[in-house]
$ cat start_32.txt   # compact mmCIF, C-alpha atoms
# COMPACT_ATOMS: atom_id res chain seq x y z
CA MET A 1 -132.35 -14.02 95.20
CA LYS A 2 -130.84 -13.33 98.63
CA THR A 3 -129.42 -16.82 98.62
CA ILE A 4 -127.68 -16.21 95.27
CA LYS A 5 -126.23 -12.89 96.52
CA TYR A 6 -125.05 -14.59 99.69
CA LEU A 7 -123.31 -17.35 97.71
CA ILE A 8 -121.66 -14.81 95.42
CA LEU A 9 -120.41 -12.86 98.46
CA LEU A 10 -119.00 -16.01 100.04
CA SER A 11 -117.30 -16.91 96.77
CA MET A 12 -115.70 -13.45 96.54
CA LEU A 13 -114.50 -13.62 100.16
CA GLY A 14 -113.10 -17.09 99.55
CA PHE A 15 -111.24 -15.90 96.47
CA ALA A 16 -109.84 -12.90 98.35
CA PHE A 17 -108.75 -15.13 101.25
CA ALA A 18 -107.08 -17.59 98.87
CA SER A 19 -105.32 -14.73 97.09
CA CYS A 20 -104.13 -13.39 100.43
CA LEU A 21 -102.71 -16.78 101.36
CA LYS A 22 -101.01 -17.06 98.00
CA ASN A 23 -99.40 -13.64 98.37
CA ASN A 24 -98.28 -14.36 101.93
CA ASP A 25 -96.78 -17.66 100.81
CA ILE A 26 -94.27 -15.71 98.77
CA ASP A 27 -92.90 -14.22 101.99
CA PHE A 28 -92.58 -17.56 103.74
CA PRO A 29 -88.97 -18.81 103.93
CA GLN A 30 -88.29 -21.31 101.19
CA TYR A 31 -86.78 -24.56 102.29
CA ASP A 32 -84.90 -27.35 100.49
CA HIS A 33 -84.53 -29.91 103.32
CA SER A 34 -80.93 -28.94 104.04
CA LEU A 35 -79.09 -26.41 106.21
CA ILE A 36 -75.60 -24.93 106.23
CA MET A 37 -73.68 -24.97 109.49
CA SER A 38 -70.78 -22.56 109.92
CA ASN A 39 -68.54 -21.31 112.68
CA GLY A 40 -69.46 -17.70 113.42
CA SER A 41 -67.21 -15.15 115.09
CA GLY A 42 -66.78 -15.79 118.79
CA THR A 43 -67.22 -19.59 118.61
CA LYS A 44 -70.84 -19.26 117.52
CA LEU A 45 -72.56 -22.15 115.76
CA MET A 46 -74.72 -20.88 112.89
CA LEU A 47 -77.44 -22.84 111.08
CA THR A 48 -78.38 -21.00 107.90
CA ASN A 49 -81.13 -21.58 105.34
CA PRO A 50 -79.28 -22.15 102.02
CA VAL A 51 -82.17 -20.73 100.00
CA ASN A 52 -82.61 -17.28 101.54
CA GLY A 53 -79.55 -16.90 103.79
CA LYS A 54 -81.60 -16.54 106.97
CA ASP A 55 -79.81 -17.62 110.15
CA LEU A 56 -82.33 -19.95 111.79
CA PHE A 57 -80.34 -20.90 114.88
CA MET A 58 -77.32 -19.41 116.64
CA SER A 59 -75.70 -20.98 119.69
CA LYS A 60 -72.43 -21.60 121.52
CA PRO A 61 -71.10 -24.96 122.71
CA SER A 62 -72.02 -25.48 126.36
CA PRO A 63 -70.06 -26.35 128.46
CA VAL A 64 -67.60 -23.95 126.83
CA VAL A 65 -64.66 -25.35 124.84
CA GLU A 66 -61.46 -23.72 123.58
CA ASP A 67 -60.02 -23.28 120.09
CA VAL A 68 -62.83 -24.77 117.97
CA LYS A 69 -61.65 -26.07 114.59
CA SER A 70 -62.84 -28.29 111.73
CA LEU A 71 -66.57 -27.78 112.33
CA ARG A 72 -69.03 -30.12 110.59
CA ALA A 73 -72.78 -30.60 110.74
CA GLY A 74 -73.66 -34.04 112.07
CA TYR A 75 -76.11 -36.45 110.49
CA MET A 76 -79.33 -34.59 109.57
CA CYS A 77 -77.96 -31.52 111.39
CA LYS A 78 -78.91 -32.92 114.78
CA ASN A 79 -75.41 -32.40 116.21
CA ALA A 80 -72.49 -30.10 115.64
CA VAL A 81 -69.24 -32.05 115.29
CA PHE A 82 -65.98 -30.19 115.81
CA VAL A 83 -62.39 -30.40 116.99
CA ALA A 84 -61.39 -28.44 120.09
CA LYS A 85 -58.75 -28.38 122.82
CA THR A 86 -59.41 -31.27 125.15
CA TYR A 87 -59.90 -30.96 128.89
CA LEU A 88 -58.87 -34.61 129.32
CA SER A 89 -55.12 -33.95 129.46
CA ASP A 90 -52.58 -31.26 130.31
CA ASP A 91 -51.03 -31.74 126.87
CA TYR A 92 -52.34 -29.62 123.99
CA ILE A 93 -54.44 -32.39 122.53
CA MET A 94 -57.34 -31.70 120.16
CA SER A 95 -60.33 -34.00 120.56
CA ILE A 96 -63.65 -34.46 118.73
CA TYR A 97 -66.62 -32.90 120.49
CA THR A 98 -70.33 -32.96 119.74
CA CYS A 99 -73.21 -30.81 120.96
CA ASP A 100 -76.79 -30.09 120.01
CA ALA A 101 -76.73 -28.24 116.69
CA LYS A 102 -79.56 -25.83 117.53
CA THR A 103 -78.85 -25.03 121.18
CA GLY A 104 -75.17 -25.88 121.68
CA VAL A 105 -75.94 -27.78 124.89
CA GLY A 106 -74.56 -31.17 125.84
CA THR A 107 -70.97 -30.59 124.72
CA LYS A 108 -68.96 -33.77 125.21
CA ALA A 109 -65.69 -35.25 123.98
CA ILE A 110 -66.06 -38.49 122.03
CA THR A 111 -62.35 -39.20 121.53
CA GLY A 112 -59.83 -39.66 124.33
CA ASP A 113 -56.44 -38.17 125.16
CA ASN A 114 -54.53 -40.79 123.16
CA LEU A 115 -55.03 -38.98 119.84
CA TYR A 116 -54.17 -35.55 118.45
CA VAL A 117 -57.24 -35.10 116.21
CA GLN A 118 -57.04 -32.79 113.18
CA ASP A 119 -59.74 -33.06 110.47
CA VAL A 120 -63.31 -34.40 110.70
CA ASN A 121 -66.05 -35.15 108.18
CA THR A 122 -69.58 -36.48 108.68
CA SER A 123 -71.73 -38.92 106.75
CA LYS A 124 -75.00 -37.95 105.06
CA THR A 125 -76.43 -41.46 105.38
CA GLU A 126 -75.84 -42.33 109.06
CA PRO A 127 -74.42 -40.78 112.26
CA LYS A 128 -70.76 -41.55 111.55
CA ILE A 129 -67.60 -39.44 111.60
CA VAL A 130 -64.37 -40.02 109.70
CA PHE A 131 -61.33 -38.20 111.08
CA THR A 132 -57.56 -37.90 110.96
CA GLY A 133 -55.40 -38.05 114.05
CA LYS A 134 -51.90 -38.70 115.30
CA PRO A 135 -51.61 -41.52 117.82
CA LYS A 136 -49.96 -40.16 120.96
CA ALA A 137 -47.60 -43.13 120.90
CA ILE A 138 -46.55 -42.42 117.26
CA PRO A 139 -46.94 -38.62 116.86
CA GLU A 140 -45.07 -38.40 113.53
CA TYR A 141 -47.88 -39.77 111.36
CA ASN A 142 -51.58 -39.06 110.93
CA SER A 143 -53.90 -42.03 110.56
CA LEU A 144 -57.52 -42.25 109.41
CA TYR A 145 -60.27 -43.38 111.80
CA ILE A 146 -64.02 -43.84 111.81
CA ILE A 147 -66.31 -43.45 114.82
CA ASN A 148 -70.04 -43.16 115.59
CA GLU A 149 -71.36 -39.75 116.65
CA ASP A 150 -72.03 -41.12 120.14
CA GLY A 151 -68.35 -42.10 120.50
CA SER A 152 -68.80 -45.82 120.00
CA ASN A 153 -67.06 -48.21 117.58
CA GLN A 154 -63.89 -46.23 116.89
CA SER A 155 -61.60 -48.08 114.50
CA HIS A 156 -58.59 -47.60 112.20
CA LEU A 157 -58.99 -47.16 108.45
CA THR A 158 -55.27 -46.61 107.87
CA LEU A 159 -52.14 -47.40 109.89
CA PRO A 160 -48.84 -45.49 110.12
CA LEU A 161 -46.51 -46.47 107.26
CA GLU A 162 -49.18 -48.72 105.73
CA GLY A 163 -48.32 -49.96 102.24
CA VAL A 164 -50.40 -48.60 99.34
CA THR A 165 -50.09 -48.95 95.57
CA GLY A 166 -49.31 -45.80 93.61
CA LEU A 167 -50.61 -44.74 90.21
CA ASP A 168 -47.40 -46.16 88.75
CA GLY A 169 -48.19 -49.63 90.16
CA LYS A 170 -45.34 -49.51 92.70
CA GLU A 171 -45.64 -49.84 96.48
CA TYR A 172 -45.40 -46.82 98.77
CA GLU A 173 -45.56 -46.08 102.51
CA LEU A 174 -48.46 -43.95 103.68
CA LEU A 175 -46.95 -41.04 105.61
CA ASP A 176 -49.74 -38.56 106.20
CA ILE A 177 -53.52 -38.19 105.80
CA SER A 178 -55.72 -35.07 105.77
CA SER A 179 -59.09 -33.66 104.61
CA PRO A 180 -61.25 -36.84 104.66
CA ALA A 181 -64.66 -36.79 102.93
CA PHE A 182 -67.51 -39.32 102.83
CA SER A 183 -69.11 -39.99 99.45
CA PRO A 184 -72.82 -39.01 99.19
CA ASP A 185 -73.94 -42.63 99.71
CA GLY A 186 -71.46 -43.15 102.55
CA SER A 187 -69.79 -46.11 100.85
CA LYS A 188 -66.44 -44.46 100.06
CA ILE A 189 -63.99 -42.02 101.62
CA ALA A 190 -61.59 -39.66 99.85
CA VAL A 191 -58.51 -38.23 101.59
CA ASN A 192 -55.43 -36.24 100.80
CA ALA A 193 -52.45 -38.59 101.20
CA ILE A 194 -48.67 -38.23 101.19
CA VAL A 195 -46.65 -41.35 100.38
CA ASP A 196 -42.95 -42.24 100.19
CA ASN A 197 -41.49 -44.87 97.90
CA LEU A 198 -39.95 -48.05 99.31
CA TYR A 199 -37.45 -48.84 96.60
CA SER A 200 -34.91 -46.00 96.35
CA ILE A 201 -33.90 -45.24 99.93
CA PRO A 202 -32.15 -42.95 100.84
CA ASN A 203 -33.21 -41.05 97.69
CA SER A 204 -36.88 -41.06 98.66
CA ILE A 205 -39.53 -39.95 96.17
CA PHE A 206 -42.69 -38.41 97.63
CA PHE A 207 -46.12 -38.13 96.02
CA GLU A 208 -49.18 -36.31 97.29
CA GLY A 209 -52.70 -36.70 95.98
CA ILE A 210 -56.24 -37.93 96.52
CA LEU A 211 -56.64 -41.48 97.78
CA LEU A 212 -60.00 -43.31 97.56
CA MET A 213 -61.06 -46.25 99.72
CA ASN A 214 -64.14 -48.10 100.90
CA ASN A 215 -65.63 -46.94 104.19
CA ASP A 216 -64.03 -49.90 105.97
CA GLY A 217 -60.56 -48.88 104.75
CA SER A 218 -60.30 -51.54 102.05
CA ASN A 219 -59.51 -51.13 98.33
CA LYS A 220 -57.23 -48.08 98.61
CA LYS A 221 -56.45 -46.53 95.21
CA PHE A 222 -55.03 -43.19 94.15
CA LEU A 223 -57.28 -41.10 91.96
CA TYR A 224 -54.74 -38.33 91.37
CA TRP A 225 -51.26 -37.37 92.59
CA LYS A 226 -48.27 -35.12 92.00
CA GLN A 227 -44.63 -35.62 92.87
CA GLY A 228 -43.32 -33.62 95.81
CA LYS A 229 -43.89 -33.33 99.54
CA PHE A 230 -46.16 -30.42 100.32
CA PRO A 231 -48.20 -31.19 103.47
CA TYR A 232 -51.89 -30.30 103.21
CA ALA A 233 -51.60 -29.10 99.63
CA ASN A 234 -55.02 -30.56 98.74
CA GLN A 235 -57.72 -29.29 101.10
CA ASP A 236 -61.50 -29.04 101.42
CA ILE A 237 -62.15 -32.29 99.56
CA CYS A 238 -65.87 -32.79 98.87
CA TRP A 239 -68.04 -34.81 96.46
CA SER A 240 -70.56 -33.65 93.90
CA GLU A 241 -74.16 -34.51 94.76
CA ASP A 242 -74.19 -37.41 92.27
CA GLY A 243 -70.88 -38.82 93.54
CA ASN A 244 -69.21 -38.60 90.11
CA PHE A 245 -66.80 -35.74 90.89
CA LEU A 246 -64.49 -34.67 93.69
CA LEU A 247 -63.82 -31.00 94.35
CA PHE A 248 -60.70 -29.86 96.17
CA VAL A 249 -58.60 -26.78 96.86
CA THR A 250 -54.91 -27.01 95.96
CA ILE A 251 -52.34 -24.67 97.47
CA ASP A 252 -50.19 -23.65 94.51
CA ILE A 253 -46.69 -23.65 96.00
CA ASP A 254 -45.15 -22.25 92.82
CA ASN A 255 -47.62 -19.35 92.58
CA SER A 256 -47.30 -17.52 95.91
CA PHE A 257 -49.45 -20.19 97.60
CA HIS A 258 -52.47 -19.19 95.51
CA ARG A 259 -55.55 -21.33 96.12
CA GLN A 260 -56.70 -23.27 93.06
CA ILE A 261 -60.17 -24.93 93.01
CA ASN A 262 -60.39 -28.11 90.96
CA ALA A 263 -63.00 -30.73 90.07
CA ILE A 264 -61.91 -34.23 89.04
CA ASN A 265 -64.11 -36.83 87.36
CA ILE A 266 -63.92 -40.12 89.28
CA THR A 267 -64.06 -42.27 86.12
CA SER A 268 -62.12 -40.36 83.46
CA LYS A 269 -59.85 -38.54 85.96
CA LYS A 270 -60.24 -35.38 83.90
CA ILE A 271 -59.52 -32.28 85.99
CA THR A 272 -61.29 -28.94 85.50
CA ASN A 273 -59.95 -25.75 87.09
CA LEU A 274 -62.81 -23.70 88.60
CA THR A 275 -60.73 -20.95 90.19
CA ALA A 276 -61.61 -18.06 87.87
CA SER A 277 -65.33 -18.95 87.96
CA LEU A 278 -65.52 -18.75 91.76
CA GLU A 279 -63.22 -15.88 92.67
CA ILE A 280 -65.02 -12.59 93.32
CA ASN A 281 -63.20 -9.28 92.81
CA GLY A 282 -59.94 -11.21 92.84
CA ASN A 283 -60.52 -12.62 96.34
CA GLN A 284 -59.45 -16.23 96.74
CA VAL A 285 -61.90 -18.99 97.59
CA ASN A 286 -61.74 -20.83 100.91
CA ASP A 287 -63.61 -23.68 102.65
CA ILE A 288 -65.66 -25.10 99.77
CA TYR A 289 -68.48 -27.56 100.54
CA THR A 290 -71.07 -29.11 98.24
CA SER A 291 -74.82 -29.42 98.76
CA PRO A 292 -76.15 -32.86 99.74
CA ASN A 293 -79.20 -32.60 97.47
CA SER A 294 -78.51 -30.12 94.64
CA ASN A 295 -75.83 -28.95 92.22
CA LYS A 296 -74.55 -26.13 94.42
CA ILE A 297 -71.36 -25.18 96.24
CA VAL A 298 -71.01 -23.00 99.35
CA PHE A 299 -67.74 -21.29 100.20
CA ASN A 300 -65.97 -18.46 102.02
CA GLN A 301 -63.65 -15.89 100.57
CA TYR A 302 -60.07 -16.03 101.82
CA LEU A 303 -60.09 -12.68 103.67
CA ASP A 304 -58.56 -11.31 106.85
CA GLY A 305 -61.23 -10.99 109.51
CA GLY A 306 -63.56 -13.58 108.05
CA SER A 307 -66.08 -13.73 105.25
CA ASP A 308 -69.66 -14.08 104.16
CA LEU A 309 -70.98 -17.30 102.66
CA PHE A 310 -71.33 -17.49 98.90
CA ILE A 311 -73.23 -20.04 96.79
CA ALA A 312 -72.57 -21.07 93.20
CA ASP A 313 -74.55 -23.36 90.89
CA TYR A 314 -72.72 -25.96 88.85
CA GLU A 315 -73.56 -28.26 85.96
CA VAL A 316 -72.07 -31.46 84.57
CA LEU A 317 -71.77 -32.33 80.89
CA ASP A 318 -70.18 -35.75 80.31
CA ASP A 319 -66.90 -35.53 82.30
CA ILE A 320 -66.79 -31.71 82.37
CA PHE A 321 -67.70 -29.86 85.56
CA SER A 322 -68.47 -26.15 85.22
CA ILE A 323 -69.90 -23.22 87.18
CA LYS A 324 -73.18 -22.06 85.61
CA LYS A 325 -73.19 -18.39 86.60
CA SER A 326 -71.52 -15.97 88.96
CA PRO A 327 -71.69 -16.86 92.68
CA ILE A 328 -74.17 -15.00 94.84
CA LYS A 329 -73.65 -13.77 98.39
CA LEU A 330 -75.84 -15.75 100.78
CA THR A 331 -75.17 -13.97 104.10
CA ASP A 332 -74.51 -10.40 105.17
CA ARG A 333 -71.94 -10.15 107.94
CA ASN A 334 -72.22 -6.33 107.97
CA ASN A 335 -75.78 -6.62 109.25
CA SER A 336 -75.30 -9.70 111.42
CA GLU A 337 -72.03 -8.32 112.89
CA TYR A 338 -70.24 -11.65 112.71
CA SER A 339 -68.34 -13.60 110.06
CA TYR A 340 -69.00 -17.10 108.77
CA TYR A 341 -66.22 -19.71 108.69
CA THR A 342 -65.84 -23.35 107.53
CA PRO A 343 -69.35 -24.02 106.14
CA SER A 344 -70.70 -27.58 106.19
CA TRP A 345 -73.87 -28.52 104.27
CA GLN A 346 -76.13 -31.27 105.59
CA LEU A 347 -79.61 -32.68 105.15
CA TRP A 348 -82.29 -31.49 107.58
CA ASP A 349 -85.46 -33.39 108.45
CA GLU A 350 -87.46 -30.73 110.31
CA ASN A 351 -89.97 -28.19 109.05
CA LEU A 352 -89.13 -24.50 109.15
$ encode --input "start_32.txt" --output "structure tokens"
Amino acid sequence: MKTIKYLILLSMLGFAFASCLKNNDIDFPQYDHSLIMSNGSGTKLMLTNPVNGKDLFMSKPSPVVEDVKSLRAGYMCKNAVFVAKTYLSDDYIMSIYTCDAKTGVGTKAITGDNLYVQDVNTSKTEPKIVFTGKPKAIPEYNSLYIINEDGSNQSHLTLPLEGVTGLDGKEYELLDISSPAFSPDGSKIAVNAIVDNLYSIPNSIFFEGILLMNNDGSNKKFLYWKQGKFPYANQDICWSEDGNFLLFVTIDIDNSFHRQINAINITSKKITNLTASLEINGNQVNDIYTSPNSNKIVFNQYLDGGSDLFIADYEVLDDIFSIKKSPIKLTDRNNSEYSYYTPSWQLWDENL
């Protein structure tokens, strides 16, 4: 009889212990094998859990650098990759730097003083960086380059005044490149490109749009373009998780420079305007970036003094891209006392 009572007591204790574990599990931070890196106020590097908005790591690049721009999370969030004022030259040259993503230590320049670097983007499949820069010897034109995160194997993907074929089948000169973005599988790169025609000089005709190419620079083809010459009109180019859509922000020159958010289907080239679905209280969207492993978008609001991070879910039906429900605020800068800029969403291979 005592044995039976003892077994019943053990069973009840076991059930209570299991229930306790189950309840505690609810409070554990959820984790989807990705993190969001953003540039916090005061040159901070923030690594944020995209599920619950918790800032897991906060650091500063060390040694210290000046004027950090174009921040991206490196492959698997091991490094931070960013553009900053170089110490290699007296000229105001911006170079690519890397440092440890969690601690900020080990800051080093991986490009030299022969390039004025502007935009960077990182691969989700290997430690590679694609970037735009102006050769010091030819400062009028940006070119596209690729480089390993350790600074090795830098090479051209485009050349100044390179010939490319337009959507009308005619040949154009490539004048400027900006906002590069690796495809999810790393095989392709999308960029904003400005081209000039070669057949009606001096009455030049300019087009600006999204140019696709293989990751070795081959097979360049326009996906979309508009006539005109508006530098950096298409920004924040990023791919949907399945690689079937490109998202981008267009500066609407004819509408007080209002920021329009668009999604374009790679195959059908159908464009969907997402602006109204993402704006909150009339505040414009800034710095969009897509999740590497889910149908989600992170973004800032275009506000003076910085912003919180917001996340929106999207869905795809045939060639239509749409926002499922209203965006939610992920971070709280009022409590953290700093703002979040230029979010970049990468895979993460560590346990929380």
$ residues_near_point --input "start_32.txt" --point "(-53.1, -47.5, 108.5)" --cutoff "10 Å" --atoms "only C-alpha atoms" --output "list in words"
Tyr141, Asn142, Ser143, Leu144, Tyr145, His156, Leu157, Thr158, Leu159, Pro160, Leu161, Glu162, Gly163, Val164, Glu173, Leu174, Leu175, Asp176, Ile177 and Gly217 of chain A
$ closest_atom_pairs --input "start_32.txt" --of "segment 37-151 of chain A" --to "segment 203-216 of chain A" --cutoff "12 Å" --atoms "all atoms listed in the file" --output "JSON lines"
{"residue": "A:Ser123", "atom": "CA", "partner": "A:Asn215", "partner_atom": "CA", "distance": 10.4}
{"residue": "A:Lys128", "atom": "CA", "partner": "A:Asn215", "partner_atom": "CA", "distance": 10.5}
{"residue": "A:Ile129", "atom": "CA", "partner": "A:Asn215", "partner_atom": "CA", "distance": 10.7}
{"residue": "A:Val130", "atom": "CA", "partner": "A:Asn215", "partner_atom": "CA", "distance": 8.9}
{"residue": "A:Phe131", "atom": "CA", "partner": "A:Asn215", "partner_atom": "CA", "distance": 11.9}
{"residue": "A:Leu144", "atom": "CA", "partner": "A:Asp216", "partner_atom": "CA", "distance": 10.6}
{"residue": "A:Tyr145", "atom": "CA", "partner": "A:Asp216", "partner_atom": "CA", "distance": 9.5}
{"residue": "A:Ile146", "atom": "CA", "partner": "A:Asn215", "partner_atom": "CA", "distance": 8.4}
{"residue": "A:Ile147", "atom": "CA", "partner": "A:Asp216", "partner_atom": "CA", "distance": 11.2}
$ residues_around --input "start_32.txt" --residues "Pro180 of chain A" --least-positions-apart "5" --cutoff "9 Å" --atoms "all atoms listed in the file" --output "list of chain:residue names"
A:Asp119, A:Val120, A:Asn121, A:Val130, A:Phe131, A:Thr132, A:Leu144, A:Ile189, A:Ala190, A:Val191, A:Asn192, A:Asp236, A:Ile237, A:Cys238
$ residues_near_point --input "start_32.txt" --point "(-74.1, -39.8, 115.1)" --cutoff "6 Å" --atoms "only C-alpha atoms" --output "list in words"
Pro127, Lys128, Asn148, Glu149 and Asp150 of chain A
$ write_last_selection --input "start_32.txt" --atoms "C-alpha atoms" --output "tab-separated table (two decimals), in the frame of the given file"
chain	number	residue	atom	x	y	z
A	127	PRO	CA	-74.42	-40.78	112.26
A	128	LYS	CA	-70.76	-41.55	111.55
A	148	ASN	CA	-70.04	-43.16	115.59
A	149	GLU	CA	-71.36	-39.75	116.65
A	150	ASP	CA	-72.03	-41.12	120.14
$ closest_residue --input "start_32.txt" --among "A:Asp100, A:Asp287, A:Glu315, A:Glu171" --to "Ile261 of chain A" --atoms "all atoms listed in the file"
A:Asp287
$ atom_distance --input "start_32.txt" --atom1 "atom CA of Tyr340 of chain A" --atom2 "atom CA of Tyr289 of chain A"
13.3 Å
$ residues_around --input "start_32.txt" --residues "Ile271 of chain A" --least-positions-apart "5" --cutoff "10 Å" --atoms "all atoms listed in the file" --output "list of chain:residue names"
A:Tyr224, A:Phe245, A:Leu246, A:Leu247, A:Asn262, A:Ala263, A:Ile264, A:Asn265, A:Ile266, A:Asp319, A:Ile320, A:Phe321
$ closest_residue --input "start_32.txt" --among "A:Asn219, A:Gln346, A:Asn244, A:Asn273" --to "Glu126 of chain A" --atoms "only C-alpha atoms"
A:Gln346
$ residues_around --input "start_32.txt" --residues "Thr48 of chain A" --least-positions-apart "4" --cutoff "7 Å" --atoms "only C-alpha atoms" --output "MDAnalysis selection string"
chainID A and resid 35:37 53:56
$ closest_residue --input "start_32.txt" --among "A:Lys324, A:Leu167, A:Pro343, A:Ser256" --to "Phe299 of chain A" --atoms "only C-alpha atoms"
A:Pro343
$ atom_distance --input "start_32.txt" --atom1 "atom CA of Phe248 of chain A" --atom2 "atom CA of Ser41 of chain A"
24.8 Å
$ residues_around --input "start_32.txt" --residues "segment 61-75 of chain A" --least-positions-apart "4" --cutoff "6 Å" --atoms "all atoms listed in the file" --output "ChimeraX atom specification"
/A:37,79-85,104-105,107,119,122,124,127,344
$ atom_distance --input "start_32.txt" --atom1 "atom CA of Leu45 of chain A" --atom2 "atom CA of Cys99 of chain A"
10.1 Å
